[in-house]
Every structure is written in C-alpha cells, then in structure tokens.
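With mmCIF, C-alpha atoms inside, this is structure27.cif:
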```
data_my_file
loop_
_atom_site.group_PDB
_atom_site.id
_atom_site.type_symbol
_atom_site.label_atom_id
_atom_site.label_comp_id
_atom_site.auth_asym_id
_atom_site.auth_seq_id
_atom_site.Cartn_x
_atom_site.Cartn_y
_atom_site.Cartn_z
ATOM 1 C CA MET A 115 18.827 -11.418 -11.139
ATOM 2 C CA ILE A 116 16.148 -8.716 -11.158
ATOM 3 C CA LEU A 117 15.668 -8.275 -14.909
ATOM 4 C CA GLU A 118 15.146 -10.511 -17.908
ATOM 5 C CA THR A 119 15.862 -8.803 -21.216
ATOM 6 C CA ILE A 120 14.412 -9.669 -24.604
ATOM 7 C CA ALA A 121 15.611 -7.915 -27.744
ATOM 8 C CA GLY A 122 12.863 -6.672 -30.046
ATOM 9 C CA ASN A 123 12.914 -4.926 -33.391
ATOM 10 C CA GLY A 124 14.328 -1.525 -32.475
ATOM 11 C CA TYR A 125 13.777 -1.864 -28.753
ATOM 12 C CA LEU A 126 14.721 -3.841 -25.687
ATOM 13 C CA LEU A 127 12.128 -5.322 -23.356
ATOM 14 C CA ALA A 128 13.323 -5.521 -19.743
ATOM 15 C CA ARG A 129 10.997 -7.576 -17.574
ATOM 16 C CA ILE A 130 11.205 -7.204 -13.792
ATOM 17 C CA LEU A 131 11.204 -10.712 -12.353
ATOM 18 C CA ILE A 132 10.623 -9.968 -8.690
ATOM 19 C CA ALA A 133 7.276 -9.266 -7.010
ATOM 20 C CA GLU A 134 8.479 -7.075 -4.171
ATOM 21 C CA ALA A 135 10.298 -4.049 -5.570
ATOM 22 C CA ASN A 136 11.805 -2.729 -2.354
ATOM 23 C CA LEU A 137 14.997 -1.485 -0.721
ATOM 24 C CA ASP A 138 16.538 -4.968 -0.732
ATOM 25 C CA VAL A 139 16.569 -5.157 -4.525
ATOM 26 C CA ALA A 140 16.854 -1.460 -5.443
ATOM 27 C CA PRO A 141 20.704 -1.403 -5.705
ATOM 28 C CA SER A 142 20.785 -4.536 -7.908
ATOM 29 C CA PHE A 143 17.959 -3.160 -10.049
ATOM 30 C CA LYS A 144 19.884 0.068 -10.577
ATOM 31 C CA THR A 145 23.041 -1.844 -11.560
ATOM 32 C CA GLU A 146 21.142 -4.086 -13.986
ATOM 33 C CA MET A 147 19.314 -1.117 -15.495
ATOM 34 C CA THR A 148 22.666 0.557 -16.123
ATOM 35 C CA GLU A 149 23.724 -2.572 -18.041
ATOM 36 C CA VAL A 150 20.449 -2.489 -20.006
ATOM 37 C CA VAL A 151 20.931 1.167 -20.958
ATOM 38 C CA ASP A 152 24.545 0.462 -21.919
ATOM 39 C CA LYS A 153 23.302 -1.982 -24.585
ATOM 40 C CA GLY A 154 22.516 1.162 -26.589
ATOM 41 C CA LYS A 155 18.951 0.545 -27.793
ATOM 42 C CA LYS A 156 16.950 3.709 -28.436
ATOM 43 C CA TRP A 157 13.853 2.358 -26.677
ATOM 44 C CA ILE A 158 13.736 0.408 -23.415
ATOM 45 C CA ILE A 159 10.371 -0.994 -22.369
ATOM 46 C CA LEU A 160 10.310 -1.873 -18.674
ATOM 47 C CA ASP A 161 7.681 -4.489 -17.855
ATOM 48 C CA PHE A 162 6.189 -4.380 -14.320
ATOM 49 C CA LYS A 163 3.757 -7.285 -14.757
ATOM 50 C CA ASN A 164 5.308 -9.357 -11.941
ATOM 51 C CA VAL A 165 5.610 -6.475 -9.480
ATOM 52 C CA THR A 166 3.017 -6.310 -6.695
ATOM 53 C CA TYR A 167 4.344 -3.227 -4.903
ATOM 54 C CA VAL A 168 7.150 -0.685 -5.055
ATOM 55 C CA ASP A 169 8.729 1.350 -2.286
ATOM 56 C CA SER A 170 10.509 4.712 -2.310
ATOM 57 C CA SER A 171 13.966 3.103 -2.535
ATOM 58 C CA PHE A 172 13.029 1.237 -5.691
ATOM 59 C CA LEU A 173 11.360 4.341 -7.158
ATOM 60 C CA GLY A 174 14.573 6.257 -6.466
ATOM 61 C CA ALA A 175 16.514 3.640 -8.432
ATOM 62 C CA LEU A 176 13.927 3.876 -11.213
ATOM 63 C CA VAL A 177 14.331 7.664 -11.438
ATOM 64 C CA SER A 178 18.132 7.236 -11.502
ATOM 65 C CA SER A 179 17.743 4.777 -14.387
ATOM 66 C CA LEU A 180 15.591 7.251 -16.296
ATOM 67 C CA LYS A 181 18.176 9.986 -15.801
ATOM 68 C CA TYR A 182 20.923 7.662 -17.045
ATOM 69 C CA ALA A 183 18.873 6.636 -20.095
ATOM 70 C CA ILE A 184 18.145 10.261 -21.007
ATOM 71 C CA ALA A 185 21.833 11.115 -20.656
ATOM 72 C CA LYS A 186 22.503 8.376 -23.221
ATOM 73 C CA ASN A 187 19.756 9.658 -25.567
ATOM 74 C CA GLU A 188 17.584 6.655 -24.854
ATOM 75 C CA GLU A 189 13.930 6.445 -23.848
ATOM 76 C CA LEU A 190 12.647 4.415 -20.914
ATOM 77 C CA VAL A 191 8.935 3.589 -20.872
ATOM 78 C CA LEU A 192 6.899 1.618 -18.332
ATOM 79 C CA VAL A 193 4.263 -1.021 -19.136
ATOM 80 C CA GLU A 194 2.002 -3.528 -17.352
ATOM 81 C CA LEU A 195 1.760 -1.559 -14.126
ATOM 82 C CA HIS A 196 -0.646 -2.951 -11.551
ATOM 83 C CA LYS A 197 -3.379 -0.439 -10.761
ATOM 84 C CA ASP A 198 -2.012 0.310 -7.277
ATOM 85 C CA ILE A 199 1.432 1.093 -8.662
ATOM 86 C CA HIS A 200 0.037 3.245 -11.456
ATOM 87 C CA ASP A 201 -2.101 5.094 -8.908
ATOM 88 C CA LEU A 202 0.970 5.654 -6.722
ATOM 89 C CA LEU A 203 2.941 7.131 -9.623
ATOM 90 C CA LYS A 204 0.045 9.490 -10.343
ATOM 91 C CA LEU A 205 -0.259 10.356 -6.653
ATOM 92 C CA ILE A 206 3.374 11.499 -6.442
ATOM 93 C CA ARG A 207 3.188 12.997 -9.961
ATOM 94 C CA MET A 208 5.823 10.723 -11.479
ATOM 95 C CA ASP A 209 3.409 10.127 -14.347
ATOM 96 C CA LYS A 210 4.642 13.530 -15.537
ATOM 97 C CA VAL A 211 8.189 12.263 -16.072
ATOM 98 C CA PHE A 212 7.622 8.650 -17.158
ATOM 99 C CA LYS A 213 5.888 7.503 -20.318
ATOM 100 C CA ILE A 214 3.433 4.842 -19.160
ATOM 101 C CA TYR A 215 1.563 2.402 -21.412
ATOM 102 C CA LYS A 216 -0.820 -0.424 -20.795
ATOM 103 C CA SER A 217 1.236 -3.109 -22.522
ATOM 104 C CA GLU A 218 4.283 -3.719 -24.695
ATOM 105 C CA GLN A 219 2.059 -3.761 -27.798
ATOM 106 C CA ASP A 220 0.352 -0.530 -26.744
ATOM 107 C CA ALA A 221 3.753 1.153 -26.304
ATOM 108 C CA LEU A 222 5.028 -0.102 -29.655
ATOM 109 C CA GLN A 223 1.914 1.083 -31.503
ATOM 110 C CA THR A 224 1.718 4.465 -29.803
ATOM 111 C CA LEU A 225 5.413 5.242 -30.168
ATOM 112 C CA GLY A 226 5.594 3.885 -33.712
ATOM 113 C CA ILE A 227 8.484 1.575 -32.928
ATOM 114 C CA MET B 89 -6.021 -1.968 17.062
ATOM 115 C CA GLN B 90 -2.331 -2.616 17.660
ATOM 116 C CA PHE B 91 -0.036 -4.289 15.158
ATOM 117 C CA SER B 92 3.659 -5.172 15.364
ATOM 118 C CA PHE B 93 5.938 -5.084 12.368
ATOM 119 C CA LYS B 94 9.228 -6.974 12.495
ATOM 120 C CA ASN B 95 11.706 -4.559 10.931
ATOM 121 C CA LYS B 96 12.649 -6.848 8.012
ATOM 122 C CA THR B 97 11.628 -6.575 4.367
ATOM 123 C CA GLY B 98 10.557 -10.228 4.376
ATOM 124 C CA ALA B 99 7.911 -9.369 6.968
ATOM 125 C CA LEU B 100 6.337 -6.630 4.874
ATOM 126 C CA LEU B 101 3.887 -8.559 2.687
ATOM 127 C CA PRO B 102 2.418 -10.652 5.553
ATOM 128 C CA PHE B 103 2.076 -7.449 7.589
ATOM 129 C CA LEU B 104 0.292 -5.651 4.733
ATOM 130 C CA LYS B 105 -2.099 -8.581 4.338
ATOM 131 C CA GLU B 106 -2.823 -8.636 8.074
ATOM 132 C CA VAL B 107 -3.687 -4.932 8.083
ATOM 133 C CA GLU B 108 -5.634 -5.173 4.840
ATOM 134 C CA PHE B 109 -7.775 -7.950 6.332
ATOM 135 C CA TYR B 110 -8.516 -5.748 9.341
ATOM 136 C CA LEU B 111 -9.380 -2.747 7.149
ATOM 137 C CA LEU B 112 -11.579 -4.860 4.859
ATOM 138 C CA GLU B 113 -13.596 -5.945 7.888
ATOM 139 C CA ARG B 114 -13.869 -2.435 9.293
ATOM 140 C CA LEU B 115 -14.543 -0.659 6.004
ATOM 141 C CA TYR B 116 -16.719 -3.270 4.303
ATOM 142 C CA GLY B 117 -19.210 -1.590 1.976
ATOM 143 C CA ASN B 118 -17.389 1.738 1.985
ATOM 144 C CA SER B 119 -17.683 3.423 -1.396
ATOM 145 C CA ASN B 120 -14.087 4.644 -1.123
ATOM 146 C CA LEU B 121 -12.655 1.276 -0.071
ATOM 147 C CA GLY B 122 -10.284 0.737 -3.004
ATOM 148 C CA THR B 123 -8.674 4.161 -2.652
ATOM 149 C CA LEU B 124 -8.360 3.859 1.119
ATOM 150 C CA LEU B 125 -6.704 0.448 0.828
ATOM 151 C CA MET B 126 -4.272 1.695 -1.817
ATOM 152 C CA ARG B 127 -3.339 4.806 0.143
ATOM 153 C CA GLY B 128 -3.135 2.895 3.408
ATOM 154 C CA LYS B 129 -0.905 0.285 1.785
ATOM 155 C CA TYR B 130 1.640 2.838 0.562
ATOM 156 C CA ILE B 131 1.622 4.707 3.872
ATOM 157 C CA LEU B 132 2.366 1.418 5.636
ATOM 158 C CA ILE B 133 5.073 0.436 3.130
ATOM 159 C CA GLU B 134 6.914 3.709 3.677
ATOM 160 C CA MET B 135 6.465 3.693 7.444
ATOM 161 C CA CYS B 136 7.734 0.102 7.583
ATOM 162 C CA THR B 137 10.623 0.921 5.242
ATOM 163 C CA ASN B 138 11.562 3.769 7.556
ATOM 164 C CA GLY B 139 11.547 1.310 10.461
ATOM 165 C CA ILE B 140 13.754 -1.139 8.534
ATOM 166 C CA LYS B 141 16.224 1.600 7.608
ATOM 167 C CA HIS B 142 16.384 3.691 10.745
ATOM 168 C CA SER B 143 14.927 1.967 13.789
ATOM 169 C CA GLY B 144 17.331 0.361 16.187
ATOM 170 C CA GLU B 145 14.507 -1.789 17.489
ATOM 171 C CA ALA B 146 13.512 -5.250 16.269
ATOM 172 C CA TYR B 147 9.873 -4.218 15.896
ATOM 173 C CA SER B 148 7.880 -1.098 14.999
ATOM 174 C CA GLN B 149 4.515 -0.686 16.655
ATOM 175 C CA PHE B 150 1.447 0.471 14.765
ATOM 176 C CA ASN B 151 -1.920 1.707 15.971
ATOM 177 C CA ILE B 152 -4.582 1.575 13.263
ATOM 178 C CA ASP B 153 -8.038 2.857 14.104
ATOM 179 C CA ILE B 154 -11.137 4.298 12.523
ATOM 180 C CA GLU B 155 -12.809 7.057 14.506
ATOM 181 C CA ASP B 156 -15.290 9.724 13.442
ATOM 182 C CA ASP B 157 -15.032 8.928 9.725
ATOM 183 C CA LYS B 158 -11.244 9.077 9.830
ATOM 184 C CA LEU B 159 -8.665 6.339 9.432
ATOM 185 C CA PHE B 160 -5.631 6.819 11.664
ATOM 186 C CA ILE B 161 -2.363 4.995 10.963
ATOM 187 C CA SER B 162 0.259 5.620 13.639
ATOM 188 C CA LYS B 163 3.793 4.254 13.742
ATOM 189 C CA ILE B 164 5.523 4.356 17.089
ATOM 190 C CA ASP B 165 9.156 3.585 17.727
ATOM 191 C CA LYS B 166 11.886 4.533 20.150
ATOM 192 C CA GLY B 167 14.839 6.710 19.299
ATOM 193 C CA ASN B 168 16.081 10.230 18.963
ATOM 194 C CA PRO B 169 13.651 12.858 17.672
ATOM 195 C CA PHE B 170 13.351 13.395 13.944
ATOM 196 C CA THR B 171 14.988 16.726 13.146
ATOM 197 C CA PRO B 172 14.315 17.620 9.515
ATOM 198 C CA LYS B 173 16.679 20.088 7.943
ATOM 199 C CA SER B 174 15.564 22.778 5.572
ATOM 200 C CA LYS B 175 16.420 22.340 1.908
ATOM 201 C CA ASN B 176 19.450 24.608 2.089
ATOM 202 C CA GLY B 177 20.650 22.851 5.237
ATOM 203 C CA MET B 178 20.947 26.162 7.041
ATOM 204 C CA ALA B 179 17.945 25.894 9.299
ATOM 205 C CA CYS B 180 16.943 22.934 11.358
ATOM 206 C CA LEU B 181 13.774 22.094 13.207
ATOM 207 C CA VAL B 182 14.656 21.110 16.715
ATOM 208 C CA PHE B 183 12.263 19.226 18.897
ATOM 209 C CA PRO B 184 10.267 20.183 20.888
ATOM 210 C CA PRO B 185 8.675 22.601 18.424
ATOM 211 C CA GLN B 186 8.265 25.272 21.092
ATOM 212 C CA ASN B 187 11.639 26.286 19.707
ATOM 213 C CA LEU B 188 9.833 27.363 16.579
ATOM 214 C CA GLN B 189 8.845 30.932 17.138
ATOM 215 C CA THR B 190 5.967 30.906 14.677
ATOM 216 C CA TYR B 191 3.704 28.571 12.795
ATOM 217 C CA LYS B 192 5.414 29.593 9.551
ATOM 218 C CA PRO B 193 6.209 26.575 7.359
ATOM 219 C CA VAL B 194 9.776 25.486 6.624
ATOM 220 C CA THR B 195 10.527 23.946 3.230
ATOM 221 C CA ILE B 196 12.472 20.685 3.594
ATOM 222 C CA TRP B 197 12.615 19.716 -0.044
ATOM 223 C CA GLU B 198 11.560 21.243 -3.330
ATOM 224 C CA ASP B 199 11.904 20.125 -6.923
ATOM 225 C CA ASP B 200 9.920 20.803 -10.078
ATOM 226 C CA LEU B 201 7.016 18.597 -8.954
ATOM 227 C CA ASN B 202 6.766 18.717 -5.171
ATOM 228 C CA ARG B 203 7.413 21.042 -2.262
ATOM 229 C CA LEU B 204 7.682 19.190 1.055
ATOM 230 C CA ALA B 205 7.182 21.447 4.052
ATOM 231 C CA VAL B 206 6.750 21.161 7.802
ATOM 232 C CA LYS B 207 5.222 23.507 10.336
ATOM 233 C CA LYS B 208 4.323 23.562 13.962
ATOM 234 C CA ALA B 209 0.802 22.262 14.485
ATOM 235 C CA SER B 210 0.687 22.617 18.264
ATOM 236 C CA GLU B 211 3.073 22.857 21.184
ATOM 237 C CA ASP B 212 4.268 19.272 20.756
ATOM 238 C CA THR B 213 3.320 18.342 17.202
ATOM 239 C CA LEU B 214 4.606 19.033 13.691
ATOM 240 C CA VAL B 215 2.566 18.658 10.527
ATOM 241 C CA PHE B 216 4.160 17.670 7.213
ATOM 242 C CA TYR B 217 2.562 18.411 3.878
ATOM 243 C CA VAL B 218 3.343 18.485 0.154
ATOM 244 C CA GLU B 219 2.325 21.128 -2.358
ATOM 245 C CA ASP B 220 2.313 20.867 -6.142
ATOM 246 C CA ILE B 221 4.977 22.666 -8.126
ATOM 247 C CA ASN B 222 3.790 23.111 -11.682
ATOM 248 C CA GLU B 223 6.769 23.450 -13.936
ATOM 249 C CA PRO B 224 5.630 22.715 -17.510
ATOM 250 C CA ALA B 225 8.792 20.713 -18.226
ATOM 251 C CA PRO B 226 10.040 19.266 -14.931
ATOM 252 C CA GLU B 227 13.819 19.268 -14.613
ATOM 253 C CA LEU B 228 14.688 15.636 -14.111
ATOM 254 C CA ALA B 229 18.151 16.174 -12.664
ATOM 255 C CA SER B 230 16.980 17.250 -9.223
ATOM 256 C CA LEU B 231 13.764 15.288 -9.134
ATOM 257 C CA LEU B 232 12.873 13.182 -6.131
ATOM 258 C CA GLU B 233 16.423 12.845 -4.877
ATOM 259 C CA LYS B 234 15.475 13.064 -1.230
ATOM 260 C CA HIS B 235 12.574 12.474 1.123
ATOM 261 C CA LEU B 236 10.607 10.389 -1.378
ATOM 262 C CA GLY B 237 9.200 8.196 1.404
ATOM 263 C CA LEU B 238 7.924 11.219 3.287
ATOM 264 C CA ILE B 239 6.495 12.677 0.084
ATOM 265 C CA ILE B 240 4.624 9.424 -0.598
ATOM 266 C CA ILE B 241 3.135 9.383 2.912
ATOM 267 C CA CYS B 242 2.114 13.050 2.695
ATOM 268 C CA ARG B 243 0.515 12.514 -0.713
ATOM 269 C CA ALA B 244 -1.303 9.352 0.371
ATOM 270 C CA ALA B 245 -2.576 10.813 3.645
ATOM 271 C CA ASP B 246 -4.851 13.784 4.134
ATOM 272 C CA VAL B 247 -2.706 14.892 7.092
ATOM 273 C CA LEU B 248 0.621 13.669 8.482
ATOM 274 C CA HIS B 249 1.482 14.564 12.072
ATOM 275 C CA TYR B 250 4.709 13.931 13.951
ATOM 276 C CA LYS B 251 4.989 13.961 17.698
ATOM 277 C CA TYR B 252 7.913 13.199 20.001
ATOM 278 C CA GLU B 253 7.482 12.105 23.593
ATOM 279 C CA PRO B 254 10.840 12.860 25.249
ATOM 280 C CA GLU B 255 10.260 11.000 28.516
ATOM 281 C CA GLN B 256 9.786 7.677 26.734
ATOM 282 C CA LYS B 257 11.835 8.699 23.674
ATOM 283 C CA LEU B 258 8.907 7.840 21.401
ATOM 284 C CA ASN B 259 8.651 8.954 17.791
ATOM 285 C CA ILE B 260 5.024 8.925 16.672
ATOM 286 C CA PHE B 261 4.054 9.512 13.052
ATOM 287 C CA THR B 262 0.295 9.599 12.437
ATOM 288 C CA ALA B 263 -1.283 9.610 8.989
ATOM 289 C CA LYS B 264 -4.942 10.577 8.877
ATOM 290 C CA LEU B 265 -7.272 9.732 5.983
ATOM 291 C CA GLN B 266 -10.838 10.846 5.536
ATOM 292 C CA VAL B 267 -13.202 7.866 5.301
ATOM 293 C CA VAL B 268 -15.998 8.697 2.890
ATOM 294 C CA SER B 269 -18.933 6.367 3.399
#
```
Translate the structure of the given file into structure tokens.
Amino acid sequence: MILETIAGNGYLLARILIAEANLDVAPSFKTEMTEVVDKGKKWIILDFKNVTYVDSSFLGALVSSLKYAIAKNEELVLVELHKDIHDLLKLIRMDKVFKIYKSEQDALQTLGI
Amino acid sequence: MQFSFKNKTGALLPFLKEVEFYLLERLYGNSNLGTLLMRGKYILIEMCTNGIKHSGEAYSQFNIDIEDDKLFISKIDKGNPFTPKSKNGMACLVFPPQNLQTYKPVTIWEDDLNRLAVKKASEDTLVFYVEDINEPAPELASLLEKHLGLIIICRAADVLHYKYEPEQKLNIFTAKLQVVS
C-alpha cells in the first residue's frame, strides 16, 4: 500500500507512506491515485512528508494522476514536500502545473476549503 | 573517483549516501554546497534509474571528479549506442555524430514547458540541453510524457554530454556542474 487516505471536511488527504518514490512503486501509486480520484472529492491533498526522493517514473505517475483528477473536475494539491523535492519540481518547472503548499493547514486556509 | 552502482532500486539510497559523503568531503565549505548536492543527487537518481531500466549489466560504473571548479558526474555502461529520435519520429541521430552534417540542434521532445534538444558537440560527442517554453497556460495533456529523466539531468546539470566508444561499446553520459566557491 502506497497511500493512506483520511477524509476531511470537503477534501481527502492522501498521505504517501513510502520514503523512496521510484520506478518500483510508480505503477501502484498511479493505481491507488486513480482509486482516490474515483472517490469523487473536489479537493485531494497529497502529503509528501514521508518521501525522501522522487524519480522521473514516479513524477510521470504523479502527472498522470493530475491529468485524471482534472478530467474528473477535481483538484490535486501537494503538501509537505522536502526541500530537495520542491527544488526539483521548480527546476523542471512542474511548479507551474501543480499547486504546492507548505502543509495541509496552509492548503486549507489558502484555498478556503 | 570511481563508484559502482548495482542496477537495483534497493541499492540507490546507499549509493547516494556514499557519493554524498565523498562530495561533502571534497566540497566542504563551498558556498554553493546545498545546491550542488541537490542537483548531483537528482542527476545520479536519473542516471541510476536509466541503468536499472535499460542496462543489461549488473552494475553501472560512475566517475565523479572535481576539476578546475567543475563537478563531473559520468555514467559508463556497455551496450548499443543511444540513438535519440526527433519528436516527430522522422529523423534519427545515428552514432557516430559525423553522420550529422551540421551542428544544428535536433528537437527530441517539446511540450508547453520544456524543449529538449541535442546537437553535435564534436566529432564523437553529442550535447543535450533543455530550453524553456513559456506558454502562459501550459497544456497538461502533452506535458512531460517522454524523456523526463533526460530533462531532469539537463536541468540539474550545466552541460550534459554523451559519447559512444564503439570499440568497447561504451555509453558515456557526463553531467558537468559549475562549482562556485
């Protein structure tokens, strides 16, 4: 199991449980994210607190999940990114397609959820 | 300094720590240390991931050195030469690059954020690079579908060279980063 989900008021928190977000877990992550999106919550907050690094395979699965969420009129936001991972997303300009917040509370306040 | 990476995902974190320890020793006191470590880490992750996915060998070899204010990260493995196709699939870079008539770049991938291109750098070397595409509202559908690992390495490095040595069938990717001290 890659994700733990916790239902909030108007949103779903999906916490990534693994530390190494790489090609071994990318297919399972994508499958579990599809199940999360299919729950039909408007907002999905994806928590990266446990993740120490990501590779291109996992990022590909993450982009696929975002596309699927948008197709379902849902919003996927990222929180609790380690500095290295946040810096990587900025480096490859993925900060322009993902909404990124410091924490779950920060996301909830900023988005008015 | 030579390092060996066992082409398994389980070997990645210990390998990263081993290299990080070496770089911390060599770059101690460098004002740009944090950035260099972060960029080096993601270059290594993608080079190792490439080895896990595509190398037929049990190990990938790395040379990591600091010379003349530059950090060099080279991955060396055996196999057929890397022959990137252009985005439309119509043109193909064939090694050795003498087959390229000019130094004109060939676009391998392009979406609303990144253009990944390759050009001949010398008679036996290609250089890969990424340019910004500045669409105000990036179209998500086509984004980052291909070559994301190569894009990450190009973005993290200042220069990415590729060289093929046909006699030994060696693929050599070298990322170069400027060390600011």
### Query
Of the candidates A:Ile214, A:Leu222, A:Asp169, A:Tyr182, which shows the shortest atom-to-atom distance to B:Ile131, using all atoms listed in the file?
A:Asp169
#### Entry: Distance in Å - atom CA of B:Met89 versus atom CA of A:Asp138
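Going from atom CA of B:Met89 over to atom CA of A:Asp138, I get 28.9 Å.
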### Message
Need to verify the contact set: stretch 90-106 of chain B, 7 Å, all atoms listed in the file, exclusion of same-chain residues closer than 6 positions in sequence. Can you return it as a list in words?
### Response
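With the cut-off at 7 Å, the set is Lys129, Cys136, Gly139, Ile140, Ala146, Tyr147, Ser148, Gln149, Phe150, Asn151 and Ile152 of chain B.
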Sorted by chain and rising residue number, which residues of chain A lie within 9 Å of chain B, and what are their closest atom pairs and distances in Å to one decimal, counting all atoms listed in the file, as CSV?
```
residue,atom,partner,partner_atom,distance
A:Glu134,CA,B:Leu101,CA,8.4
A:Asn136,CA,B:Thr97,CA,7.7
A:Leu137,CA,B:Thr137,CA,7.8
A:Asp138,CA,B:Thr97,CA,7.3
A:Tyr167,CA,B:Tyr130,CA,8.6
A:Val168,CA,B:Ile133,CA,8.5
A:Asp169,CA,B:Ile133,CA,6.6
A:Ser170,CA,B:Gly237,CA,5.3
A:Ser171,CA,B:Gly237,CA,8.0
A:Leu173,CA,B:Leu236,CA,8.4
A:Gly174,CA,B:Glu233,CA,7.0
A:Val177,CA,B:Leu232,CA,7.8
A:Ser178,CA,B:Glu233,CA,8.8
A:Leu180,CA,B:Leu228,CA,8.7
A:Lys181,CA,B:Leu228,CA,6.9
A:Asp198,CA,B:Met126,CA,6.1
A:Ile199,CA,B:Met126,CA,8.9
A:Asp201,CA,B:Met126,CA,8.2
A:Leu202,CA,B:Tyr130,CA,7.8
A:Leu205,CA,B:Arg243,CA,6.4
A:Ile206,CA,B:Ile240,CA,6.3
A:Arg207,CA,B:Leu201,CA,6.9
A:Met208,CA,B:Leu201,CA,8.4
A:Lys210,CA,B:Pro226,CA,7.9
A:Val211,CA,B:Pro226,CA,7.3
```
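In this comparison, which uses only C-alpha atoms, the residue of A:Leu176, A:Ile159, A:Ala121, A:Ala185 approaching A:Leu203 most closely is A:Leu176.
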### Message
Evaluate the PyMOL selection byres ((chain A and resi 196) around 8) against this structure - the residues, as a VMD selection string, please.
### Response
chain A and resid 162 to 163 165 to 166 194 to 195 197 to 200
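In terms of minimum interatomic distance to A:Lys155, A:Ile227 ranks closest within A:Ile227, A:Ala133, A:Ala140, A:Leu192, counting all atoms listed in the file.
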### Task
Go through A:Asn123, A:Thr148, A:Gln223, A:Asn164 one by one, measure the shortest atom-to-atom distance of each to A:Ala135 using all atoms listed in the file, and give the residue with the smallest value.
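Going through A:Asn123, A:Thr148, A:Gln223, A:Asn164 one by one, the smallest distance to A:Ala135 is for A:Asn164.
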## Note on the structure
B:Pro254 proximity check over B:Asn168, B:Lys173, B:Thr213, B:Ala205, using only C-alpha atoms: winner is B:Asn168
### Query
Skipping near chain neighbours, those fewer than 2 positions away, what residues fall within 6 Å of stretch 186-190 of chain A using all atoms listed in the file, listed as a list in words?
Lys156, Trp157, Ile158, Ala183 and Ile184 of chain A
### Message
Taking (13.4, -10.9, -20.0) in the coordinates of the supplied file, I want to know which residues reach to within 6 Å of it, counting all atoms listed in the file; could you give the answer as a list in words?
### Response
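Here the neighbourhood of the point contains Glu118, Thr119, Ile120, Ala128 and Arg129 of chain A.
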### d(atom CA of B:Asp199, atom CA of B:Asp246) in Å
21.1 Å
So that all listed atoms of stretch 134-147 of chain B fit with 4 Å spare on each side, what axis-aligned box centre and edge lengths in Å, to one decimal, would you give as lines of an AutoDock Vina configuration file?
```
center_x = 11.9
center_y = -0.7
center_z = 10.6
size_x = 18.9
size_y = 17.0
size_z = 21.8
```
### Query
To one decimal place, how far is atom CA of A:Ser217 from atom CA of A:Leu160 in Å?
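Here the two named atoms are 9.9 Å from each other.
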Polymer residues at most 7 Å from B:Tyr250, all atoms listed in the file, same-chain spacing of 3 or more positions, as a PDB file with C-alpha atoms, in the frame of the given file:
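The resulting file, out_16.pdb, is shown below:
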```pdb
ATOM      1  CA  THR B 213       3.320  18.342  17.202  1.00  0.00           C
ATOM      2  CA  LEU B 214       4.606  19.033  13.691  1.00  0.00           C
ATOM      3  CA  VAL B 215       2.566  18.658  10.527  1.00  0.00           C
ATOM      4  CA  ILE B 260       5.024   8.925  16.672  1.00  0.00           C
ATOM      5  CA  PHE B 261       4.054   9.512  13.052  1.00  0.00           C
ATOM      6  CA  THR B 262       0.295   9.599  12.437  1.00  0.00           C
TER       7      THR B 262
END
```
Provide stretch 155-170 of chain A rebuilt to N, CA and C atoms, formatted as a JSON list (two decimals), in the frame of the given file.
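Result went into part31.json, see below:
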```
[["chain", "number", "residue", "atom", "x", "y", "z"],
["A", 155, "LYS", "N", 20.21, 0.50, -27.02],
["A", 155, "LYS", "CA", 18.95, 0.55, -27.79],
["A", 155, "LYS", "C", 18.25, 1.88, -27.54],
["A", 156, "LYS", "N", 17.63, 2.42, -28.57],
["A", 156, "LYS", "CA", 16.95, 3.71, -28.44],
["A", 156, "LYS", "C", 15.78, 3.62, -27.46],
["A", 157, "TRP", "N", 15.04, 2.52, -27.52],
["A", 157, "TRP", "CA", 13.85, 2.36, -26.68],
["A", 157, "TRP", "C", 14.04, 1.20, -25.70],
["A", 158, "ILE", "N", 13.74, 1.46, -24.44],
["A", 158, "ILE", "CA", 13.74, 0.41, -23.42],
["A", 158, "ILE", "C", 12.32, 0.35, -22.83],
["A", 159, "ILE", "N", 11.72, -0.81, -22.93],
["A", 159, "ILE", "CA", 10.37, -0.99, -22.37],
["A", 159, "ILE", "C", 10.52, -1.81, -21.09],
["A", 160, "LEU", "N", 10.15, -1.22, -19.98],
["A", 160, "LEU", "CA", 10.31, -1.87, -18.67],
["A", 160, "LEU", "C", 8.96, -2.45, -18.23],
["A", 161, "ASP", "N", 8.93, -3.76, -18.11],
["A", 161, "ASP", "CA", 7.68, -4.49, -17.86],
["A", 161, "ASP", "C", 7.52, -4.77, -16.35],
["A", 162, "PHE", "N", 6.45, -4.25, -15.76],
["A", 162, "PHE", "CA", 6.19, -4.38, -14.32],
["A", 162, "PHE", "C", 5.17, -5.48, -14.00],
["A", 163, "LYS", "N", 4.87, -6.34, -14.95],
["A", 163, "LYS", "CA", 3.76, -7.28, -14.76],
["A", 163, "LYS", "C", 3.89, -8.11, -13.47],
["A", 164, "ASN", "N", 5.12, -8.49, -13.12],
["A", 164, "ASN", "CA", 5.31, -9.36, -11.94],
["A", 164, "ASN", "C", 5.34, -8.60, -10.61],
["A", 165, "VAL", "N", 5.36, -7.27, -10.69],
["A", 165, "VAL", "CA", 5.61, -6.48, -9.48],
["A", 165, "VAL", "C", 4.30, -6.18, -8.75],
["A", 166, "THR", "N", 4.25, -6.54, -7.46],
["A", 166, "THR", "CA", 3.02, -6.31, -6.70],
["A", 166, "THR", "C", 3.04, -5.00, -5.90],
["A", 167, "TYR", "N", 4.24, -4.55, -5.52],
["A", 167, "TYR", "CA", 4.34, -3.23, -4.90],
["A", 167, "TYR", "C", 5.74, -2.66, -5.12],
["A", 168, "VAL", "N", 5.84, -1.36, -4.99],
["A", 168, "VAL", "CA", 7.15, -0.68, -5.06],
["A", 168, "VAL", "C", 7.29, 0.20, -3.81],
["A", 169, "ASP", "N", 8.53, 0.39, -3.37],
["A", 169, "ASP", "CA", 8.73, 1.35, -2.29],
["A", 169, "ASP", "C", 9.57, 2.52, -2.79],
["A", 170, "SER", "N", 9.81, 3.48, -1.91],
["A", 170, "SER", "CA", 10.51, 4.71, -2.31],
["A", 170, "SER", "C", 11.95, 4.43, -2.74]]
```
